[in-house]
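Note: the block below is start_14.csv and it holds CSV, C-alpha atoms.
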chain,number,residue,atom,x,y,z
M,1,MET,CA,114.3,9.3,-282.3
M,2,THR,CA,112.4,8.4,-279.1
M,3,ALA,CA,112.8,5.5,-276.7
M,4,GLY,CA,109.2,4.5,-277.5
M,5,LYS,CA,110.1,3.9,-281.1
M,6,ILE,CA,113.1,1.8,-280.1
M,7,ILE,CA,110.9,-0.3,-277.7
M,8,ALA,CA,108.2,-0.8,-280.3
M,9,MET,CA,110.7,-1.9,-283.0
M,10,VAL,CA,112.4,-4.3,-280.6
M,11,PHE,CA,109.0,-5.7,-279.6
M,12,VAL,CA,108.1,-6.3,-283.2
M,13,LEU,CA,111.4,-8.0,-283.9
M,14,LEU,CA,111.1,-10.3,-280.9
M,15,PHE,CA,107.5,-11.1,-281.9
M,16,ALA,CA,108.4,-12.0,-285.4
M,17,ALA,CA,110.9,-14.5,-284.1
M,18,ALA,CA,109.2,-15.7,-281.0
M,19,ALA,CA,105.6,-16.1,-282.1
M,20,PRO,CA,106.1,-18.9,-284.7
M,21,LEU,CA,109.0,-20.5,-282.8
M,22,GLY,CA,107.1,-20.5,-279.5
M,23,CYS,CA,104.0,-22.0,-281.2
M,24,MET,CA,106.2,-24.7,-282.7
M,25,ILE,CA,107.8,-25.5,-279.4
M,26,TYR,CA,104.4,-25.9,-277.9
M,27,LEU,CA,103.2,-28.2,-280.6
M,28,ASN,CA,106.4,-30.3,-280.4
M,29,ARG,CA,106.2,-30.7,-276.6
M,30,LYS,CA,102.4,-30.9,-276.1
M,31,ARG,CA,100.8,-32.1,-279.3
M,32,GLY,CA,103.4,-34.3,-280.9
M,33,GLY,CA,104.4,-31.8,-283.6
M,34,ARG,CA,107.5,-32.6,-285.6
M,35,TRP,CA,110.4,-30.3,-286.5
M,36,LEU,CA,110.9,-31.6,-290.0
M,37,PRO,CA,107.8,-30.0,-291.5
M,38,PHE,CA,108.6,-26.8,-289.7
M,39,PHE,CA,112.1,-26.5,-291.3
M,40,ILE,CA,110.7,-27.5,-294.7
M,41,GLY,CA,108.3,-24.6,-294.4
M,42,VAL,CA,111.2,-22.3,-293.4
M,43,LEU,CA,113.1,-23.4,-296.5
M,44,PHE,CA,110.2,-23.4,-299.0
M,45,PHE,CA,109.1,-19.8,-298.3
M,46,PRO,CA,112.2,-18.1,-299.7
M,47,VAL,CA,112.5,-20.5,-302.6
M,48,PHE,CA,109.0,-20.0,-303.9
M,49,ALA,CA,108.2,-16.4,-302.7
M,50,MET,CA,111.6,-14.7,-303.0
M,51,MET,CA,113.4,-16.6,-305.7
M,52,LEU,CA,110.7,-18.0,-308.1
M,53,GLU,CA,107.9,-15.5,-307.8
M,54,PRO,CA,110.1,-12.5,-308.6
M,55,LEU,CA,110.8,-14.1,-312.0
M,56,LEU,CA,107.2,-13.8,-312.9
M,57,HIS,CA,107.1,-10.2,-311.8
M,58,VAL,CA,110.1,-9.4,-314.0
M,59,ALA,CA,108.3,-10.9,-317.0
M,60,VAL,CA,104.8,-9.5,-316.3
M,61,LEU,CA,105.7,-6.0,-315.1
M,62,GLY,CA,108.3,-5.6,-317.8
M,63,SER,CA,105.8,-6.4,-320.5
M,64,SER,CA,103.1,-4.2,-322.0
M,65,LEU,CA,100.8,-5.3,-319.2
M,66,GLY,CA,103.1,-3.8,-316.6
M,67,PRO,CA,102.0,-0.1,-316.9
M,68,VAL,CA,98.3,-1.2,-316.9
M,69,LEU,CA,98.8,-3.1,-313.6
M,70,GLN,CA,101.0,-0.4,-312.0
M,71,ASN,CA,98.5,2.4,-312.8
M,72,SER,CA,95.6,0.7,-311.0
M,73,ILE,CA,95.8,-0.2,-307.4
M,74,TRP,CA,93.0,-2.6,-307.9
M,75,ALA,CA,94.6,-4.5,-310.8
M,76,TYR,CA,98.0,-4.4,-309.1
M,77,GLY,CA,96.6,-5.8,-305.8
M,78,LEU,CA,94.7,-8.5,-307.6
M,79,TYR,CA,97.7,-9.5,-309.7
M,80,GLY,CA,100.1,-9.5,-306.7
M,81,GLY,CA,97.7,-11.5,-304.6
M,82,LEU,CA,97.1,-14.1,-307.2
M,83,ALA,CA,100.9,-14.4,-307.9
M,84,ALA,CA,101.7,-14.8,-304.2
M,85,GLY,CA,98.9,-17.3,-303.8
M,86,LEU,CA,99.9,-19.4,-306.8
M,87,PHE,CA,103.6,-19.6,-305.9
M,88,GLU,CA,103.3,-20.1,-302.2
M,89,GLU,CA,100.4,-22.6,-302.3
M,90,THR,CA,102.2,-24.5,-305.0
M,91,GLY,CA,105.2,-24.6,-302.7
M,92,ARG,CA,103.0,-26.2,-300.0
M,93,LEU,CA,101.6,-28.6,-302.5
M,94,LEU,CA,105.0,-29.8,-303.6
M,95,ALA,CA,106.2,-30.0,-300.0
M,96,PHE,CA,103.3,-32.2,-298.9
M,97,ARG,CA,103.4,-34.4,-302.1
M,98,MET,CA,107.1,-34.9,-302.3
M,99,VAL,CA,109.3,-33.9,-299.4
M,100,LEU,CA,106.7,-34.7,-296.7
M,101,ARG,CA,104.8,-37.4,-298.5
M,102,ASN,CA,105.3,-39.8,-295.6
M,103,GLU,CA,104.1,-37.4,-293.0
M,104,GLU,CA,100.4,-38.4,-292.6
M,105,ALA,CA,99.6,-36.7,-289.3
M,106,PRO,CA,97.4,-33.6,-289.6
M,107,MET,CA,99.8,-31.8,-287.2
M,108,THR,CA,102.2,-31.7,-290.2
M,109,ALA,CA,100.1,-29.0,-291.7
M,110,LEU,CA,100.3,-26.8,-288.6
M,111,CYS,CA,104.1,-27.3,-288.3
M,112,TYR,CA,104.7,-26.5,-291.9
M,113,GLY,CA,102.6,-23.4,-291.8
M,114,LEU,CA,104.5,-22.1,-288.7
M,115,GLY,CA,107.8,-22.6,-290.5
M,116,HIS,CA,106.5,-20.9,-293.7
M,117,GLY,CA,105.0,-18.0,-291.8
M,118,GLY,CA,108.0,-17.7,-289.4
M,119,SER,CA,110.4,-17.6,-292.3
M,120,GLU,CA,108.5,-14.8,-293.9
M,121,ALA,CA,108.3,-12.9,-290.6
M,122,LEU,CA,112.0,-13.0,-290.0
M,123,LEU,CA,113.1,-12.4,-293.6
M,124,LEU,CA,110.7,-9.5,-294.2
M,125,VAL,CA,109.6,-7.8,-290.9
M,126,GLY,CA,112.6,-9.0,-288.8
M,127,THR,CA,115.1,-7.7,-291.3
M,128,ALA,CA,113.2,-4.4,-291.7
M,129,MET,CA,113.2,-3.9,-287.9
M,130,VAL,CA,117.0,-4.7,-287.6
M,131,ASN,CA,117.7,-2.1,-290.3
M,132,ASN,CA,115.4,0.4,-288.6
M,133,LEU,CA,117.2,-0.2,-285.3
M,134,LEU,CA,120.6,0.3,-286.8
M,135,LEU,CA,119.5,3.5,-288.5
M,136,SER,CA,117.9,4.7,-285.3
M,137,VAL,CA,121.1,4.2,-283.4
M,138,LEU,CA,122.9,6.2,-286.0
M,139,LEU,CA,120.4,9.0,-285.8
M,140,MET,CA,120.5,9.0,-282.0
M,141,ASN,CA,124.3,9.3,-282.0
M,142,GLY,CA,124.2,12.1,-284.5
M,143,GLY,CA,126.1,10.1,-287.1
M,144,GLU,CA,126.2,11.1,-290.7
M,145,ILE,CA,123.4,9.4,-292.8
M,146,PRO,CA,124.6,8.1,-296.2
M,147,PRO,CA,122.6,9.7,-299.0
M,148,GLU,CA,121.1,6.4,-300.1
M,149,PHE,CA,119.5,6.1,-296.6
M,150,ALA,CA,118.3,9.7,-296.3
M,151,ALA,CA,114.8,8.9,-297.4
M,152,ALA,CA,114.5,5.9,-295.1
M,153,ALA,CA,115.8,8.0,-292.2
M,154,GLU,CA,113.3,10.7,-292.9
M,155,THR,CA,110.4,8.2,-293.0
M,156,LEU,CA,111.7,6.6,-289.8
M,157,THR,CA,111.8,9.9,-288.0
M,158,ALA,CA,108.3,10.8,-289.0
M,159,THR,CA,106.7,7.4,-288.2
M,160,PRO,CA,105.0,7.3,-284.7
M,161,ALA,CA,105.9,4.5,-282.3
M,162,ALA,CA,102.4,3.0,-282.4
M,163,ALA,CA,102.7,2.5,-286.2
M,164,PHE,CA,105.4,0.0,-285.7
M,165,LEU,CA,103.2,-2.1,-283.4
M,166,TRP,CA,100.8,-2.7,-286.2
M,167,SER,CA,103.5,-4.7,-287.9
M,168,ALA,CA,103.1,-7.3,-285.1
M,169,VAL,CA,99.3,-7.5,-285.8
M,170,GLU,CA,100.1,-7.8,-289.5
M,171,ARG,CA,102.5,-10.7,-288.8
M,172,ALA,CA,99.9,-12.4,-286.6
M,173,SER,CA,97.4,-12.2,-289.4
M,174,ALA,CA,100.0,-13.5,-292.0
M,175,ILE,CA,101.0,-16.4,-289.8
M,176,THR,CA,97.4,-17.3,-289.2
M,177,VAL,CA,96.8,-17.4,-293.0
M,178,HIS,CA,99.9,-19.4,-293.6
M,179,VAL,CA,98.9,-22.1,-291.1
M,180,SER,CA,95.3,-22.1,-292.3
M,181,ASN,CA,96.3,-22.5,-296.0
M,182,SER,CA,98.7,-25.2,-295.1
M,183,VAL,CA,95.8,-27.1,-293.6
M,184,LEU,CA,93.8,-26.6,-296.8
M,185,VAL,CA,96.6,-27.8,-299.1
M,186,PHE,CA,97.4,-30.7,-296.8
M,187,ALA,CA,93.7,-31.7,-296.9
M,188,ALA,CA,93.8,-31.5,-300.7
M,189,VAL,CA,96.8,-33.8,-300.9
M,190,ARG,CA,95.8,-36.3,-298.3
M,191,THR,CA,92.1,-36.6,-299.0
M,192,GLY,CA,92.1,-36.1,-302.8
M,193,LYS,CA,89.6,-33.2,-302.5
M,194,TRP,CA,91.5,-31.0,-304.8
M,195,VAL,CA,89.1,-28.1,-304.5
M,196,TRP,CA,90.9,-27.1,-301.3
M,197,PHE,CA,94.0,-26.2,-303.4
M,198,PRO,CA,92.4,-23.4,-305.5
M,199,VAL,CA,90.5,-22.3,-302.3
M,200,ALA,CA,93.9,-21.9,-300.6
M,201,ILE,CA,95.2,-19.8,-303.6
M,202,LEU,CA,92.1,-17.6,-303.5
M,203,THR,CA,92.1,-17.0,-299.8
M,204,HIS,CA,95.8,-16.1,-300.0
M,205,ALA,CA,95.1,-13.8,-302.9
M,206,GLY,CA,92.1,-12.3,-301.2
M,207,VAL,CA,93.9,-11.4,-298.0
M,208,ASN,CA,96.8,-9.9,-300.0
M,209,PHE,CA,94.4,-7.9,-302.2
M,210,LEU,CA,92.6,-6.5,-299.1
M,211,ALA,CA,95.9,-5.4,-297.7
M,212,VAL,CA,97.0,-3.6,-300.8
M,213,ALA,CA,93.7,-2.1,-301.8
M,214,ALA,CA,92.7,-1.0,-298.3
M,215,GLY,CA,96.2,0.3,-297.7
M,216,ALA,CA,95.8,2.8,-300.5
M,217,TYR,CA,92.7,4.5,-298.9
M,218,LEU,CA,92.5,3.7,-295.2
M,219,PRO,CA,94.6,4.3,-292.1
M,220,ILE,CA,97.0,1.5,-291.1
M,221,ALA,CA,95.0,0.6,-288.0
M,222,VAL,CA,91.9,0.1,-290.1
M,223,VAL,CA,93.8,-1.9,-292.7
M,224,GLU,CA,95.3,-4.3,-290.2
M,225,LEU,CA,92.0,-4.9,-288.5
M,226,ILE,CA,90.4,-5.7,-291.8
M,227,VAL,CA,93.2,-8.1,-292.7
M,228,LEU,CA,93.0,-9.6,-289.2
M,229,ALA,CA,89.3,-10.2,-289.7
M,230,ALA,CA,90.0,-11.9,-293.1
M,231,ALA,CA,92.7,-14.1,-291.5
M,232,ILE,CA,90.3,-15.2,-288.7
M,233,LEU,CA,87.7,-16.2,-291.3
M,234,THR,CA,90.3,-18.2,-293.1
M,235,ALA,CA,91.3,-19.9,-289.9
M,236,LEU,CA,87.6,-20.8,-289.1
M,237,LEU,CA,87.4,-22.4,-292.6
M,238,ALA,CA,90.6,-24.3,-292.0
M,239,SER,CA,89.7,-25.4,-288.5
M,240,GLY,CA,86.6,-27.1,-289.9
M,241,VAL,CA,88.7,-28.9,-292.4
M,242,TYR,CA,91.3,-29.8,-289.9
M,243,ARG,CA,88.8,-31.4,-287.5
M,244,ARG,CA,87.9,-33.9,-290.2
M,245,LEU,CA,91.5,-34.9,-290.9
M,246,PRO,CA,92.1,-37.0,-287.7
M,247,ALA,CA,89.2,-39.2,-288.7
M,248,LEU,CA,90.8,-39.7,-292.1
M,249,GLU,CA,94.1,-40.7,-290.4
M,250,ALA,CA,92.3,-43.1,-288.0
M,251,SER,CA,90.5,-44.8,-290.9
M,252,ARG,CA,93.8,-45.4,-292.7
M,253,THR,CA,95.3,-46.8,-289.6
M,254,SER,CA,92.5,-49.3,-289.1
M,255,ASP,CA,92.6,-50.5,-292.8

This entry written out as structure tokens:
Amino acid sequence: MTAGKIIAMVFVLLFAAAAPLGCMIYLNRKRGGRWLPFFIGVLFFPVFAMMLEPLLHVAVLGSSLGPVLQNSIWAYGLYGGLAAGLFEETGRLLAFRMVLRNEEAPMTALCYGLGHGGSEALLLVGTAMVNNLLLSVLLMNGGEIPPEFAAAAETLTATPAAAFLWSAVERASAITVHVSNSVLVFAAVRTGKWVWFPVAILTHAGVNFLAVAAGAYLPIAVVELIVLAAAILTALLASGVYRRLPALEASRTSD
């Protein structure tokens, strides 16, 4: 275990925590962003992605359809992407229609997206980096590795330091998509143009599908750059939608 790996893992851990929180602090202090949507996003991610979505996976993958999906990376990637898109975008929809129904400012979408993406970053990548760091300390001190962690220790030892840094790029892409899709769903709810809701589901599914399918054939660097490009395209779409939302808010204020 090298110092470079430890530094890389610490960097990714700090990035997962600091990136969404730092952006939220900026929006709060400079753009009038509110903390309520952020914390609702923090809460809704685990509820819809880690509690409700797995129930679908148990039912589908445990059925006769399960082997068909698991034996095809294309089918599995498409199913997983659509499932994630459906549950997470529905979570956003319910948040904006119910819990945040009185939050009219377009900034609400950005704050919610940062909370949603930040929650995912900490619960998935942050937790993984903490586990890796603890295992690394054990390896460096020559401690005995429990049998159930032997495979993880072997993988950790074989993984180069640079590979961990791609996790930061992956999180940047994921947070970008979460913020962008929050704008699309917010626009659907506030403008009544419901086409943006299925668009959000499809963009979410598409990015996830690219990550899974490309990951089966390409090096991690290429995969993350492809996903980053898809995230940027999603952000460009959402930015165009977002720029029209202040006009909507102004027209409601003048009525």

Show me, as JSON lines, the residues of segment 94-143 of chain M having an atom within 9 Å of segment 1-9 of chain M, each with the closest atom pair and its distance in Å, using all atoms listed in the file.
{"residue": "M:Met129", "atom": "CA", "partner": "M:Met9", "partner_atom": "CA", "distance": 5.9}
{"residue": "M:Val130", "atom": "CA", "partner": "M:Met9", "partner_atom": "CA", "distance": 8.3}
{"residue": "M:Asn132", "atom": "CA", "partner": "M:Met9", "partner_atom": "CA", "distance": 7.7}
{"residue": "M:Leu133", "atom": "CA", "partner": "M:Ile6", "partner_atom": "CA", "distance": 6.9}
{"residue": "M:Ser136", "atom": "CA", "partner": "M:Met1", "partner_atom": "CA", "distance": 6.6}
{"residue": "M:Val137", "atom": "CA", "partner": "M:Met1", "partner_atom": "CA", "distance": 8.6}
{"residue": "M:Leu139", "atom": "CA", "partner": "M:Met1", "partner_atom": "CA", "distance": 7.0}
{"residue": "M:Met140", "atom": "CA", "partner": "M:Met1", "partner_atom": "CA", "distance": 6.2}

- Using all atoms listed in the file, which residues sit within 8 Å of segment 164-171 of chain M once same-chain residues fewer than 3 positions away are excluded, as a list in words? Lys5, Ala8, Met9, Phe11, Val12, Phe15, Ala16, Ala121, Val125, Thr159, Pro160, Ala161, Ala174, Ile175, Ile220, Ala221, Glu224, Val227 and Leu228 of chain M

- Query: atom CA of Gly113 of chain M and atom CA of His204 of chain M, how far apart in Å?
  - Reply: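 One can read the atom CA of His204 of chain M to atom CA of Gly113 of chain M distance as 12.9 Å.
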
- Among M:Lys193, M:His178, M:Arg97, M:Arg29, Thr234 of chain M is approached most closely, using all atoms listed in the file, by M:His178

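Distance annotation: of M:Val10, M:Ala128, M:Val241, M:Val68, the residue with the minimal separation from Thr191 of chain M is M:Val241; atom set is only C-alpha atoms.
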
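Checking M:Val185, M:Ala109, M:Leu124, M:Ala59 one by one against Met24 of chain M, counting all atoms listed in the file, you find the shortest gap at M:Ala109.
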
- Task: May I ask for the distance between atom CA of His116 of chain M and atom CA of Val179 of chain M, given in Å to one decimal place?
- Result: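 Taking atom CA of His116 of chain M as the start and atom CA of Val179 of chain M as the end point, the length is 8.1 Å.
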
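Distance-wise, atom CA of Val212 of chain M and atom CA of Ala75 of chain M end up 10.3 Å apart.
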
- Query: Quick one: of M:Pro20, M:Gly91, M:Pro246, M:Gly66, who's nearest to Glu120 of chain M, counting all atoms listed in the file?
  - Reply: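 Of all the options, M:Pro20 lies closest to Glu120 of chain M.
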
Which segment 65-177 of chain M residues have any atom within 12 Å of an atom of segment 187-190 of chain M, and for each, what is the nearest pair of atoms with distance in Å to one decimal, counting all atoms listed in the file, rows sorted by chain and number, as a tab-separated table?
residue	atom	partner	partner_atom	distance
M:Glu89	CA	M:Ala188	CA	11.2
M:Thr90	CA	M:Val189	CA	11.5
M:Arg92	CA	M:Val189	CA	9.8
M:Leu93	CA	M:Val189	CA	7.3
M:Leu94	CA	M:Val189	CA	9.5
M:Ala95	CA	M:Val189	CA	10.2
M:Phe96	CA	M:Val189	CA	7.0
M:Arg97	CA	M:Val189	CA	6.7
M:Met98	CA	M:Val189	CA	10.5
M:Leu100	CA	M:Val189	CA	10.8
M:Arg101	CA	M:Arg190	CA	9.1
M:Asn102	CA	M:Arg190	CA	10.5
M:Glu103	CA	M:Arg190	CA	9.9
M:Glu104	CA	M:Arg190	CA	7.6
M:Ala105	CA	M:Arg190	CA	9.8
M:Pro106	CA	M:Ala187	CA	8.4
M:Met107	CA	M:Ala187	CA	11.5
M:Thr108	CA	M:Ala187	CA	10.8
M:Ala109	CA	M:Ala187	CA	8.7
M:Leu110	CA	M:Ala187	CA	11.7
